[in-house]
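Next up, start-v9.cif (mmCIF, C-alpha atoms):
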data_work
loop_
_atom_site.label_atom_id
_atom_site.label_comp_id
_atom_site.auth_asym_id
_atom_site.auth_seq_id
_atom_site.Cartn_x
_atom_site.Cartn_y
_atom_site.Cartn_z
CA MET A 1 60.57 52.43 24.06
CA HIS A 2 58.67 49.90 26.18
CA ARG A 3 56.40 47.20 24.81
CA LYS A 4 53.41 48.60 26.72
CA ALA A 5 53.69 51.78 24.67
CA LEU A 6 52.93 49.72 21.59
CA ILE A 7 49.68 48.52 23.12
CA ARG A 8 48.69 52.04 24.03
CA THR A 9 48.93 52.95 20.36
CA ALA A 10 51.77 55.39 20.93
CA VAL A 11 54.44 53.80 18.76
CA PRO A 12 56.15 56.56 16.81
CA LEU A 13 56.86 56.11 13.13
CA VAL A 14 60.58 55.47 13.50
CA ALA A 15 62.69 55.23 10.37
CA LEU A 16 62.33 52.32 7.98
CA ALA A 17 63.51 48.91 7.00
CA LEU A 18 63.07 45.27 6.47
CA THR A 19 60.59 42.93 5.08
CA ALA A 20 57.24 41.22 4.73
CA ALA A 21 55.23 38.89 6.79
CA ALA A 22 54.17 35.41 7.70
CA CYS A 23 52.08 33.37 10.06
CA GLY A 24 53.21 30.48 12.24
CA SER A 25 53.37 26.96 10.85
CA SER A 26 53.42 23.65 12.66
CA SER A 27 57.08 23.10 11.81
CA GLY A 28 58.16 26.14 13.79
CA SER A 29 58.88 28.04 10.60
CA LYS A 30 56.67 30.90 9.51
CA SER A 31 54.69 30.70 6.30
CA SER A 32 54.97 33.34 3.61
CA ASP A 33 51.23 33.75 3.12
CA THR A 34 50.44 37.44 3.61
CA SER A 35 46.80 37.27 2.61
CA ASP A 36 44.06 38.88 4.66
CA LYS A 37 42.88 36.10 6.94
CA PRO A 38 42.74 35.38 10.67
CA SER A 39 45.91 33.70 11.95
CA SER A 40 44.07 31.32 14.28
CA THR A 41 41.20 28.93 13.81
CA THR A 42 39.74 30.14 17.09
CA ALA A 43 39.40 33.74 15.92
CA PRO A 44 35.93 35.29 16.25
CA ALA A 45 33.73 33.98 13.44
CA THR A 46 32.02 37.27 12.64
CA ALA A 47 33.12 39.71 9.94
CA ALA A 48 36.72 40.84 10.17
CA VAL A 49 37.36 43.72 12.54
CA ALA A 50 39.94 46.46 12.14
CA SER A 51 42.69 44.35 13.73
CA GLN A 52 42.21 41.63 11.12
CA THR A 53 42.42 43.61 7.89
CA GLY A 54 45.13 42.75 5.40
CA ALA A 55 47.26 45.70 6.48
CA ALA A 56 46.90 44.91 10.19
CA THR A 57 47.75 41.26 9.53
CA LEU A 58 50.83 42.31 7.56
CA ARG A 59 51.89 44.57 10.43
CA ALA A 60 51.48 41.84 13.05
CA LYS A 61 53.36 39.29 11.00
CA LEU A 62 56.18 41.72 10.32
CA THR A 63 56.40 42.36 14.03
CA SER A 64 56.66 38.64 14.68
CA LEU A 65 59.34 38.01 12.05
CA LEU A 66 61.49 41.00 12.90
CA ASP A 67 61.31 40.36 16.64
CA GLU A 68 62.30 36.76 15.88
CA HIS A 69 65.33 37.97 13.93
CA VAL A 70 66.57 39.77 17.05
CA TYR A 71 65.80 36.94 19.48
CA LEU A 72 67.41 34.25 17.34
CA ALA A 73 70.49 36.43 16.86
CA SER A 74 70.75 36.95 20.61
CA LYS A 75 70.39 33.22 21.26
CA ALA A 76 73.24 32.56 18.80
CA THR A 77 75.57 35.27 20.13
CA GLY A 78 74.90 34.27 23.73
CA ALA A 79 75.78 30.65 22.98
CA ALA A 80 78.95 31.69 21.13
CA LEU A 81 80.13 33.82 24.03
CA ARG A 82 79.51 30.90 26.42
CA GLY A 83 81.66 28.73 24.17
CA ASP A 84 78.72 26.45 23.33
CA MET A 85 79.34 26.01 19.63
CA THR A 86 76.72 23.28 19.24
CA ALA A 87 74.01 25.63 20.43
CA PHE A 88 75.49 28.48 18.40
CA ASN A 89 75.26 26.45 15.21
CA GLU A 90 71.69 25.39 15.95
CA TRP A 91 70.47 28.92 16.64
CA ALA A 92 72.46 30.34 13.73
CA GLY A 93 70.78 27.79 11.47
CA ALA A 94 67.35 28.84 12.72
CA LEU A 95 68.30 32.46 12.09
CA ASN A 96 69.94 32.27 8.69
CA GLY A 97 69.83 28.72 7.34
CA PRO A 98 68.93 27.99 3.71
CA ALA A 99 65.49 26.63 4.67
CA ASP A 100 63.15 26.63 7.70
CA SER A 101 64.86 29.73 9.06
CA ASN A 102 63.94 33.29 9.83
CA THR A 103 65.82 34.52 6.74
CA ALA A 104 64.12 31.96 4.50
CA ASP A 105 60.73 33.03 5.83
CA LEU A 106 61.52 36.70 5.32
CA THR A 107 62.58 36.01 1.75
CA ALA A 108 59.47 33.98 1.03
CA ALA A 109 57.34 36.75 2.47
CA ILE A 110 59.03 39.42 0.35
CA THR A 111 58.54 37.26 -2.72
CA SER A 112 54.84 36.75 -1.97
CA VAL A 113 54.26 40.52 -2.03
CA TYR A 114 56.91 42.07 -4.28
CA GLY A 115 57.49 39.21 -6.72
CA LYS A 116 60.23 36.70 -7.54
CA ASP A 117 62.85 39.14 -8.81
CA VAL A 118 62.68 41.32 -5.72
CA GLY A 119 62.59 38.23 -3.51
CA THR A 120 65.77 36.90 -5.07
CA ALA A 121 67.51 40.26 -4.71
CA PHE A 122 66.37 40.52 -1.10
CA ASP A 123 67.67 37.05 -0.30
CA GLY A 124 71.10 38.01 -1.58
CA LEU A 125 71.02 41.31 0.30
CA TRP A 126 69.83 39.86 3.62
CA ARG A 127 72.39 37.06 3.44
CA SER A 128 75.17 39.48 2.50
CA GLU A 129 78.53 38.98 4.21
CA ASP A 130 78.11 42.50 5.58
CA HIS A 131 74.93 41.70 7.53
CA ILE A 132 74.47 38.68 9.83
CA PRO A 133 78.07 37.44 9.46
CA GLN A 134 79.26 40.79 10.83
CA PHE A 135 77.30 40.29 14.03
CA VAL A 136 79.11 36.96 14.29
CA ALA A 137 82.43 38.71 13.59
CA TYR A 138 81.66 41.33 16.25
CA THR A 139 80.84 38.57 18.75
CA GLN A 140 84.09 36.74 17.98
CA ALA A 141 86.06 39.96 18.39
CA ALA A 142 84.23 40.77 21.63
CA ALA A 143 85.12 37.33 23.00
CA LYS A 144 88.80 38.13 22.40
CA ASP A 145 88.55 41.78 23.53
CA ASP A 146 89.67 42.71 20.04
CA ALA A 147 88.69 46.38 19.69
CA ALA A 148 89.95 46.61 16.11
CA GLY A 149 87.96 43.55 15.12
CA LYS A 150 84.81 44.98 16.66
CA GLN A 151 85.27 48.26 14.82
CA ALA A 152 85.84 46.47 11.52
CA ALA A 153 82.52 44.65 11.96
CA ILE A 154 80.75 47.91 12.81
CA ASP A 155 82.20 49.58 9.70
CA LYS A 156 80.87 46.80 7.49
CA LEU A 157 77.46 46.93 9.14
CA THR A 158 77.37 50.69 8.57
CA ALA A 159 78.18 50.25 4.89
CA TYR A 160 75.52 47.53 4.66
CA ALA A 161 72.92 49.88 6.11
CA LYS A 162 73.46 52.33 3.24
CA THR A 163 73.24 49.60 0.62
CA PHE A 164 70.08 48.31 2.25
CA GLY A 165 68.55 51.78 2.32
CA ASP A 166 69.29 52.41 -1.34
CA THR A 167 67.88 49.02 -2.32
CA LEU A 168 64.62 49.30 -0.39
CA HIS A 169 64.03 52.77 -1.78
CA SER A 170 64.49 51.47 -5.31
CA VAL A 171 61.77 48.89 -4.63
CA ASN A 172 59.34 51.15 -2.78
CA SER A 173 59.60 54.93 -3.10
CA ASP A 174 57.67 55.34 0.17
CA LEU A 175 60.79 54.05 1.94
CA PRO A 176 63.33 56.94 1.85
CA ALA A 177 66.88 55.66 1.46
CA ASP A 178 68.36 57.81 4.23
CA ALA A 179 65.65 56.83 6.71
CA VAL A 180 66.10 53.13 5.95
CA THR A 181 69.85 53.52 6.35
CA GLU A 182 69.36 55.19 9.72
CA ASP A 183 66.98 52.45 10.81
CA ILE A 184 69.31 49.59 9.90
CA THR A 185 72.15 51.41 11.63
CA MET A 186 70.03 51.59 14.77
CA HIS A 187 69.20 47.89 14.44
CA ALA A 188 72.92 47.14 14.42
CA THR A 189 73.54 49.49 17.36
CA THR A 190 70.84 47.94 19.54
CA LEU A 191 71.89 44.36 18.79
CA ILE A 192 75.55 45.17 19.44
CA ALA A 193 74.46 46.49 22.86
CA VAL A 194 72.97 43.05 23.55
CA ILE A 195 76.25 41.37 22.58
CA ASP A 196 78.26 43.74 24.78
CA ALA A 197 76.01 43.01 27.76
CA GLN A 198 76.29 39.27 27.12
CA LYS A 199 80.08 39.54 27.05
CA ALA A 200 80.04 41.51 30.31
CA GLY A 201 77.89 38.84 31.95
CA ASP A 202 75.34 41.44 33.05
CA GLY A 203 72.00 39.65 32.82
CA ALA A 204 69.88 42.67 33.67
CA ALA A 205 71.64 44.72 31.01
CA VAL A 206 71.15 41.93 28.47
CA TYR A 207 67.37 42.03 28.81
CA LYS A 208 67.23 45.82 28.89
CA ALA A 209 69.24 45.93 25.66
CA LEU A 210 67.25 43.08 24.14
CA GLU A 211 63.99 44.92 24.77
CA ALA A 212 65.39 48.03 23.10
CA ALA A 213 66.50 45.93 20.13
CA TYR A 214 63.15 44.35 19.44
CA ALA A 215 61.13 47.42 20.38
CA HIS A 216 63.08 49.16 17.62
CA MET A 217 62.07 46.40 15.23
CA ASN A 218 58.42 46.86 16.19
CA GLY A 219 58.62 50.43 14.93
CA THR A 220 60.37 49.20 11.80
CA ALA A 221 57.56 46.71 11.18
CA LYS A 222 54.98 49.48 11.46
CA VAL A 223 56.64 51.73 8.93
CA LEU A 224 57.36 48.95 6.47
CA ALA A 225 53.79 47.64 6.73
CA VAL A 226 52.41 51.10 6.05
CA ALA A 227 54.64 51.60 3.00
CA THR A 228 53.91 48.13 1.62
CA ALA A 229 50.14 48.45 2.09
CA GLN A 230 50.26 51.83 0.34
CA LYS A 231 52.14 50.34 -2.60
CA PHE A 232 49.81 47.34 -2.89
CA PRO A 233 46.35 48.56 -1.76
CA ASP A 234 44.67 45.77 -3.73
CA LYS A 235 46.47 43.20 -1.56
CA PHE A 236 46.15 44.90 1.81
CA ASP A 237 42.91 46.51 2.90
CA GLY A 238 42.69 48.60 6.06
CA ASP A 239 45.22 50.77 7.85
CA ALA A 240 48.51 49.31 9.12
CA ALA A 241 48.91 52.31 11.46
CA SER A 242 45.43 52.20 13.01
CA PRO A 243 44.94 51.83 16.78
CA ALA A 244 43.59 48.32 16.14
CA ALA A 245 46.72 47.39 14.18
CA ASP A 246 48.83 48.88 16.98
CA LEU A 247 46.97 46.73 19.50
CA ARG A 248 47.44 43.50 17.57
CA ALA A 249 51.11 44.17 16.86
CA GLY A 250 51.74 45.12 20.48
CA LEU A 251 50.06 42.00 21.79
CA THR A 252 52.02 39.92 19.31
CA SER A 253 55.29 41.36 20.61
CA LEU A 254 54.37 40.96 24.28
CA LEU A 255 53.03 37.43 24.07
CA GLU A 256 55.85 36.19 21.88
CA ALA A 257 58.37 37.80 24.26
CA HIS A 258 56.75 35.78 27.06
CA VAL A 259 57.80 32.58 25.29
CA TRP A 260 61.24 33.77 24.16
CA ILE A 261 62.21 34.86 27.67
CA ALA A 262 60.63 31.81 29.34
CA SER A 263 62.71 29.56 27.08
CA ASP A 264 65.81 31.50 28.11
CA ALA A 265 64.96 30.87 31.75
CA THR A 266 64.25 27.17 31.40
CA GLY A 267 67.31 26.60 29.23
CA ALA A 268 69.55 28.35 31.73
CA ALA A 269 68.04 26.42 34.65
CA LEU A 270 68.56 23.06 32.96
CA ALA A 271 72.15 24.00 32.09
CA GLY A 272 72.89 25.04 35.67
CA ARG A 273 73.47 28.68 34.73
CA GLN A 274 71.78 30.11 37.83
CA ALA A 275 72.66 33.77 37.23
CA ASP A 276 71.27 33.59 33.69
CA PHE A 277 68.13 31.88 35.00
CA GLU A 278 67.56 34.60 37.59
CA ALA A 279 68.06 37.38 35.04
CA ALA A 280 65.61 35.78 32.61
CA ALA A 281 63.07 35.05 35.36
CA THR A 282 63.18 38.68 36.48
CA ALA A 283 62.81 39.96 32.91
CA LEU A 284 59.89 37.60 32.46
CA ASN A 285 57.92 38.00 35.68
CA GLY A 286 59.51 40.66 37.87
CA ALA A 287 57.40 43.13 39.82
CA THR A 288 58.33 46.02 37.53
CA ASN A 289 59.96 46.49 34.13
CA SER A 290 59.17 42.92 33.14
CA ASN A 291 57.17 41.22 30.42
CA THR A 292 54.42 40.49 32.93
CA SER A 293 54.23 44.03 34.29
CA GLU A 294 54.07 45.47 30.79
CA LEU A 295 51.37 43.02 29.73
CA VAL A 296 49.38 43.89 32.85
CA ASP A 297 49.76 47.60 32.14
CA ALA A 298 48.61 47.02 28.58
CA VAL A 299 45.46 45.21 29.69
CA GLY A 300 44.73 47.89 32.26
CA SER A 301 45.13 50.69 29.74
CA ILE A 302 42.17 49.28 27.81
CA TYR A 303 40.02 47.36 30.30
CA GLY A 304 40.49 49.63 33.32
CA PRO A 305 42.05 49.36 36.80
CA ASP A 306 39.78 46.63 38.20
CA VAL A 307 40.48 44.25 35.35
CA LYS A 308 44.15 45.21 35.49
CA THR A 309 44.35 44.14 39.13
CA ALA A 310 42.50 40.89 38.45
CA PHE A 311 44.63 40.10 35.42
CA ASP A 312 47.82 40.78 37.38
CA GLY A 313 46.78 38.23 39.98
CA LEU A 314 45.74 35.75 37.30
CA TRP A 315 48.90 36.03 35.18
CA ARG A 316 51.13 35.83 38.26
CA SER A 317 49.16 32.90 39.67
CA GLU A 318 51.12 30.06 41.22
CA ASN A 319 49.55 27.82 38.59
CA HIS A 320 51.05 29.70 35.64
CA ILE A 321 54.72 30.72 35.33
CA PRO A 322 55.81 28.99 38.58
CA GLN A 323 54.52 25.71 37.17
CA PHE A 324 56.82 25.99 34.16
CA VAL A 325 59.61 26.43 36.70
CA ALA A 326 58.32 23.42 38.65
CA TYR A 327 58.15 21.35 35.48
CA THR A 328 61.71 22.35 34.62
CA GLN A 329 62.95 21.43 38.09
CA ALA A 330 61.19 18.06 37.92
CA THR A 331 62.59 17.46 34.45
CA ALA A 332 66.11 18.17 35.66
CA LYS A 333 65.68 15.45 38.31
CA GLY A 334 63.88 12.96 36.07
CA ASP A 335 60.85 13.26 38.37
CA ALA A 336 57.88 12.09 36.28
CA ALA A 337 55.41 12.62 39.10
CA GLY A 338 56.61 16.18 39.59
CA GLN A 339 56.28 16.83 35.87
CA GLN A 340 52.69 15.55 35.87
CA ALA A 341 51.81 17.62 38.92
CA ALA A 342 52.98 20.75 37.11
CA VAL A 343 51.05 19.78 33.98
CA ASP A 344 47.90 19.22 36.03
CA LYS A 345 48.18 22.67 37.59
CA LEU A 346 48.78 24.30 34.21
CA THR A 347 45.71 22.51 32.85
CA ALA A 348 43.60 23.79 35.75
CA TYR A 349 45.02 27.27 35.18
CA ALA A 350 43.99 27.17 31.54
CA LYS A 351 40.36 26.60 32.55
CA THR A 352 40.46 29.39 35.13
CA PHE A 353 42.04 31.70 32.58
CA GLY A 354 39.36 30.87 30.02
CA ASP A 355 36.51 31.44 32.46
CA THR A 356 38.02 34.74 33.62
CA LEU A 357 38.60 36.16 30.16
CA ASN A 358 35.10 35.19 29.09
CA SER A 359 33.68 37.01 32.12
CA VAL A 360 35.53 40.14 31.00
CA ASN A 361 34.82 39.85 27.29
CA SER A 362 32.02 37.64 25.98
CA ASP A 363 33.70 37.52 22.56
CA LEU A 364 36.34 35.27 24.14
CA PRO A 365 34.66 31.84 24.56
CA ALA A 366 35.86 30.19 27.77
CA ASP A 367 36.51 26.78 26.21
CA ALA A 368 38.42 28.22 23.26
CA VAL A 369 40.62 30.34 25.54
CA ALA A 370 41.27 27.36 27.81
CA GLN A 371 42.23 25.31 24.76
CA ASP A 372 44.59 28.04 23.62
CA ILE A 373 46.33 28.34 26.98
CA THR A 374 46.63 24.55 27.14
CA MET A 375 48.35 24.62 23.76
CA HIS A 376 50.67 27.37 25.02
CA ALA A 377 51.65 25.10 27.90
CA THR A 378 52.03 22.09 25.61
CA THR A 379 54.32 23.87 23.16
CA LEU A 380 56.51 25.39 25.87
CA ILE A 381 56.78 22.04 27.67
CA ALA A 382 57.98 20.52 24.40
CA VAL A 383 60.78 23.11 24.41
CA ILE A 384 61.75 22.22 27.98
CA ASN A 385 61.83 18.50 27.18
CA ALA A 386 64.07 19.14 24.18
CA GLN A 387 66.35 21.39 26.23
CA LYS A 388 66.76 18.63 28.82
CA ALA A 389 67.42 16.01 26.15
CA GLY A 390 69.89 18.27 24.34
CA THR A 391 68.29 17.58 20.98
CA PRO A 392 68.97 19.82 17.97
CA ASP A 393 65.30 20.68 17.51
CA VAL A 394 65.19 23.17 20.39
CA PRO A 395 65.19 26.17 17.99
CA MET A 396 62.41 24.66 15.84
CA LEU A 397 60.24 23.88 18.86
CA THR A 398 60.88 27.31 20.34
CA ARG A 399 59.81 28.96 17.09
CA ALA A 400 56.65 26.84 17.09
CA ALA A 401 55.80 27.86 20.66
CA VAL A 402 56.37 31.51 19.76
CA ALA A 403 54.31 31.24 16.58
CA HIS A 404 51.35 29.91 18.56
CA MET A 405 51.27 33.17 20.49
CA GLU A 406 50.88 35.14 17.27
CA GLY A 407 47.49 33.49 16.81
CA THR A 408 46.61 34.15 20.44
CA ALA A 409 47.37 37.84 19.96
CA ASP A 410 45.13 37.93 16.88
CA VAL A 411 42.17 36.50 18.79
CA LEU A 412 42.63 38.73 21.85
CA ALA A 413 43.02 41.84 19.72
CA ALA A 414 39.94 41.08 17.62
CA ALA A 415 37.76 40.49 20.67
CA THR A 416 39.06 43.65 22.35
CA VAL A 417 38.46 45.78 19.26
CA LYS A 418 34.91 44.46 19.04
CA LYS A 419 34.23 45.23 22.69
CA TYR A 420 35.74 48.71 22.56
CA SER A 421 34.89 49.80 19.04
CA ASP A 422 34.84 53.42 20.20
CA LYS A 423 38.55 53.16 21.08
CA PHE A 424 39.58 51.38 17.91
#
Could you write out this structure as structure tokens?
Amino acid sequence: MHRKALIRTAVPLVALALTAAACGSSSGSKSSDTSDKPSSTTAPATAAVASQTGAATLRAKLTSLLDEHVYLASKATGAALRGDMTAFNEWAGALNGPADSNTADLTAAITSVYGKDVGTAFDGLWRSEDHIPQFVAYTQAAAKDDAAGKQAAIDKLTAYAKTFGDTLHSVNSDLPADAVTEDITMHATTLIAVIDAQKAGDGAAVYKALEAAYAHMNGTAKVLAVATAQKFPDKFDGDAASPAADLRAGLTSLLEAHVWIASDATGAALAGRQADFEAAATALNGATNSNTSELVDAVGSIYGPDVKTAFDGLWRSENHIPQFVAYTQATAKGDAAGQQAAVDKLTAYAKTFGDTLNSVNSDLPADAVAQDITMHATTLIAVINAQKAGTPDVPMLTRAAVAHMEGTADVLAAATVKKYSDKF
């Protein structure tokens, strides 16, 4: 399933799984507040639209957290297979550490909705030796070409899926145990495909498998949001499966993927891993089957072919993604003037982007959009600087840059829903 299908409101209700939601925080972690409120201070000031109901917000935040689970896992497994144990430990900590991690945020989110007892049980279940540690075990076995070791990890993951299914059903009867089990099994299958492609050194296959892995999680987020909103209607108004909720969740996935893949590209470039850089750059901004092409298709499916063409030219502008590449190249050489030149072009791009979006949709104020794109550049540049310095806060800064895009998706979705109320 491609990300653009999510935008076009065609995401099927795949089986079930996983957990509750959270918005981005300045630390790079994601807060456990699942209340019905806009996730950005620049959101339209008028009454909440369908994309900003409690249920739609839950859905978008679930999408963000579950996508993050897959990306962080892939960052950890990729580092392990390269033999970079420092990076492995840093990404593993961001994934499953006791605090300021994806797991900690998921647990806090579960607790905020289902209560302390369920939150505690979920924490123990999610951190089970048969879950994340088995992806590590599979990766270690793959590195040694140990077929028996890989199968042992798969067997434990399969058993975990059943336990997870039974547990979620006991908490929410709208989550059938067999369907949850099937969904978690598919999660394991898709992430194992990423690990296999990483071991094979096939960059194109890595990103194809990675997209399948987080697209699966997008469907999981939808089903879980629907079931949770049905169980707690007093906490979550609106419809988590509405076209407006689909739009916001789809934009969240696409825009956050932009940052995740860009950080892969810049990290690979700074480490001198040219093949990895080229694979990430193609997945990010290739002519077809890339994050950019899918985002362009998504915009066109709503705003029409003329805007699609204009947006394609704008997003692929020399002053956007190529300037992150230019900044990375300058950073690698310690070229301060080159860094500033790239920053200046990104700043000019932010203004052009703001003016253009405002011309297409008056509910998107030009200055606010420019400010938002400037912040996108600022947060991603912070990641690049940390990658060059080799500091341990690369995962935290990457999570912060990704979390910023969740707010951007909220604002874009709300403005689009208001403009095309007949579609949403």
### Task
Would you please work out which residue, of A:Gly78, A:Gly93, A:Gly267, A:Gly313, is nearest to Leu380 in chain A when using only C-alpha atoms?
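For Leu380 in chain A, the nearest of the candidates is A:Gly267.
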Write out as a short mmCIF file (atom, residue, chain, number, x, y, z; two decimals) with C-alpha atoms, keeping the file's coordinate frame which residues come within 12 Å of range 154-166 of chain A when counting only C-alpha atoms, dropping same-chain ones fewer than 5 positions away.
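What ended up in part14.cif:
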data_model
loop_
_atom_site.label_atom_id
_atom_site.label_comp_id
_atom_site.auth_asym_id
_atom_site.auth_seq_id
_atom_site.Cartn_x
_atom_site.Cartn_y
_atom_site.Cartn_z
CA ALA A 15 62.69 55.23 10.37
CA LEU A 16 62.33 52.32 7.98
CA ALA A 17 63.51 48.91 7.00
CA LEU A 18 63.07 45.27 6.47
CA THR A 19 60.59 42.93 5.08
CA ALA A 121 67.51 40.26 -4.71
CA PHE A 122 66.37 40.52 -1.10
CA ASP A 123 67.67 37.05 -0.30
CA GLY A 124 71.10 38.01 -1.58
CA LEU A 125 71.02 41.31 0.30
CA TRP A 126 69.83 39.86 3.62
CA ARG A 127 72.39 37.06 3.44
CA SER A 128 75.17 39.48 2.50
CA GLU A 129 78.53 38.98 4.21
CA ASP A 130 78.11 42.50 5.58
CA HIS A 131 74.93 41.70 7.53
CA ILE A 132 74.47 38.68 9.83
CA PRO A 133 78.07 37.44 9.46
CA GLN A 134 79.26 40.79 10.83
CA PHE A 135 77.30 40.29 14.03
CA VAL A 136 79.11 36.96 14.29
CA ALA A 137 82.43 38.71 13.59
CA TYR A 138 81.66 41.33 16.25
CA THR A 139 80.84 38.57 18.75
CA ALA A 141 86.06 39.96 18.39
CA ALA A 142 84.23 40.77 21.63
CA ALA A 147 88.69 46.38 19.69
CA ALA A 148 89.95 46.61 16.11
CA GLY A 149 87.96 43.55 15.12
CA VAL A 171 61.77 48.89 -4.63
CA ASN A 172 59.34 51.15 -2.78
CA SER A 173 59.60 54.93 -3.10
CA ASP A 174 57.67 55.34 0.17
CA LEU A 175 60.79 54.05 1.94
CA PRO A 176 63.33 56.94 1.85
CA ALA A 177 66.88 55.66 1.46
CA ASP A 178 68.36 57.81 4.23
CA ALA A 179 65.65 56.83 6.71
CA VAL A 180 66.10 53.13 5.95
CA THR A 181 69.85 53.52 6.35
CA GLU A 182 69.36 55.19 9.72
CA ASP A 183 66.98 52.45 10.81
CA ILE A 184 69.31 49.59 9.90
CA THR A 185 72.15 51.41 11.63
CA MET A 186 70.03 51.59 14.77
CA HIS A 187 69.20 47.89 14.44
CA ALA A 188 72.92 47.14 14.42
CA THR A 189 73.54 49.49 17.36
CA THR A 190 70.84 47.94 19.54
CA LEU A 191 71.89 44.36 18.79
CA ILE A 192 75.55 45.17 19.44
CA ALA A 193 74.46 46.49 22.86
#
### Query
With all atoms listed in the file as the basis for distance, which of A:Tyr71, A:Lys208, A:Ser421, A:Phe232 is at the shortest distance from Gly115 in chain A?
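When distances to Gly115 in chain A are compared using all atoms listed in the file, the smallest one comes from A:Phe232.
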#### Entry: Neighbour list for Leu270 in chain A as JSON, numbers by chain, cut-off 10 Å, only C-alpha atoms, skip fewer than 3 positions in-chain
{"A": [265, 266, 267, 273, 274, 277, 328, 329, 331, 332, 333, 384, 385, 387, 388, 389, 390]}
Evaluate the PyMOL selection byres ((chain A and resi 55) around 8) and report residues as a PDB file with C-alpha atoms, in the coordinates of the input:
ATOM      1  CA  ASP A  36      44.060  38.880   4.660  1.00  0.00           C
ATOM      2  CA  GLN A  52      42.210  41.630  11.120  1.00  0.00           C
ATOM      3  CA  THR A  53      42.420  43.610   7.890  1.00  0.00           C
ATOM      4  CA  GLY A  54      45.130  42.750   5.400  1.00  0.00           C
ATOM      5  CA  ALA A  56      46.900  44.910  10.190  1.00  0.00           C
ATOM      6  CA  THR A  57      47.750  41.260   9.530  1.00  0.00           C
ATOM      7  CA  LEU A  58      50.830  42.310   7.560  1.00  0.00           C
ATOM      8  CA  ARG A  59      51.890  44.570  10.430  1.00  0.00           C
ATOM      9  CA  ALA A 225      53.790  47.640   6.730  1.00  0.00           C
ATOM     10  CA  VAL A 226      52.410  51.100   6.050  1.00  0.00           C
ATOM     11  CA  ALA A 229      50.140  48.450   2.090  1.00  0.00           C
ATOM     12  CA  PHE A 236      46.150  44.900   1.810  1.00  0.00           C
ATOM     13  CA  ASP A 237      42.910  46.510   2.900  1.00  0.00           C
ATOM     14  CA  GLY A 238      42.690  48.600   6.060  1.00  0.00           C
ATOM     15  CA  ASP A 239      45.220  50.770   7.850  1.00  0.00           C
ATOM     16  CA  ALA A 240      48.510  49.310   9.120  1.00  0.00           C
ATOM     17  CA  ALA A 245      46.720  47.390  14.180  1.00  0.00           C
TER      18      ALA A 245
END
### Task
Run through the PyMOL selection byres ((chain A and resi 369-371) around 10) on the given coordinates and return the selected residues as a list in words.
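This file, filtered by the PyMOL selection byres ((chain A and resi 369-371) around 10), leaves Thr42, Thr347, Ala348, Tyr349, Ala350, Lys351, Thr352, Phe353, Gly354, Asp355, Thr356, Leu357, Asn358, Leu364, Pro365, Ala366, Asp367, Ala368, Asp372, Ile373, Thr374, Met375, His376, Ala377, Thr408, Val411 and Leu412 of chain A.
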### Message
Could you tell me, as number ranges by chain, exactly which residues end up selected when the PyMOL selection byres ((chain A and resi 400-403) around 6) is applied to this structure?
### Response
A: 24, 28, 256, 259, 379-380, 397-399, 404-406
Dump as a JSON list (two decimals), keeping the file's coordinate frame, selection limited to C-alpha atoms:
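Result file follows (selection-v4.json):
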[["chain", "number", "residue", "atom", "x", "y", "z"],
["A", 24, "GLY", "CA", 53.21, 30.48, 12.24],
["A", 28, "GLY", "CA", 58.16, 26.14, 13.79],
["A", 256, "GLU", "CA", 55.85, 36.19, 21.88],
["A", 259, "VAL", "CA", 57.80, 32.58, 25.29],
["A", 379, "THR", "CA", 54.32, 23.87, 23.16],
["A", 380, "LEU", "CA", 56.51, 25.39, 25.87],
["A", 397, "LEU", "CA", 60.24, 23.88, 18.86],
["A", 398, "THR", "CA", 60.88, 27.31, 20.34],
["A", 399, "ARG", "CA", 59.81, 28.96, 17.09],
["A", 404, "HIS", "CA", 51.35, 29.91, 18.56],
["A", 405, "MET", "CA", 51.27, 33.17, 20.49],
["A", 406, "GLU", "CA", 50.88, 35.14, 17.27]]
### Message
So the first atom is CA of Leu81 in chain A and the second is CA of Lys199 in chain A; what is the distance between them in Å, to one decimal place?
### Response
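A separation of 6.5 Å between them.
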#### Entry: Coordinates-based distance that separates CA of Lys61 in chain A from CA of Gly219 in chain A (Å, one decimal)
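Going from CA of Gly219 in chain A over to CA of Lys61 in chain A, I get 12.9 Å.
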### Task
Return the single residue from A:Pro395, A:Pro233, A:Pro243, A:Gly304 that is closest to Glu68 in chain A, with distances computed using only C-alpha atoms.
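Result for the nearest residue to Glu68 in chain A: A:Pro395.
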What are the centre and edge lengths in Å, to one decimal, of the axis-aligned box around all listed atoms of range 306-314 of chain A with 3 Å added on each side, as JSON?
{"center_x": 43.8, "center_y": 41.2, "center_z": 37.7, "size_x": 14.0, "size_y": 16.9, "size_z": 10.6}
### Message
Report, in Å to a single decimal, how far apart CA of Ala283 in chain A and CA of Ile261 in chain A are.
### Response
7.3 Å
### Task
Pick out the closest residue to Trp315 in chain A from this set: A:Ala341, A:Ala279, A:Leu106, A:Leu255. Count all atoms listed in the file.
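Smallest separation from Trp315 in chain A among the options: A:Leu255.
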### Task
Tell me which protein, DNA and RNA residues are within 9 Å of Val49 in chain A, counting all atoms listed in the file, leaving out same-chain ones fewer than 5 positions away, and put them as number ranges by chain.
A: 244, 414-415, 417-418
#### Entry: Nearest to Lys423 in chain A by atom-to-atom distance, counting all atoms listed in the file, from A:Ser317, A:Ser64, A:Thr292, A:Ser242
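Of A:Ser317, A:Ser64, A:Thr292, A:Ser242, the one nearest Lys423 in chain A, counting all atoms listed in the file, is A:Ser242.
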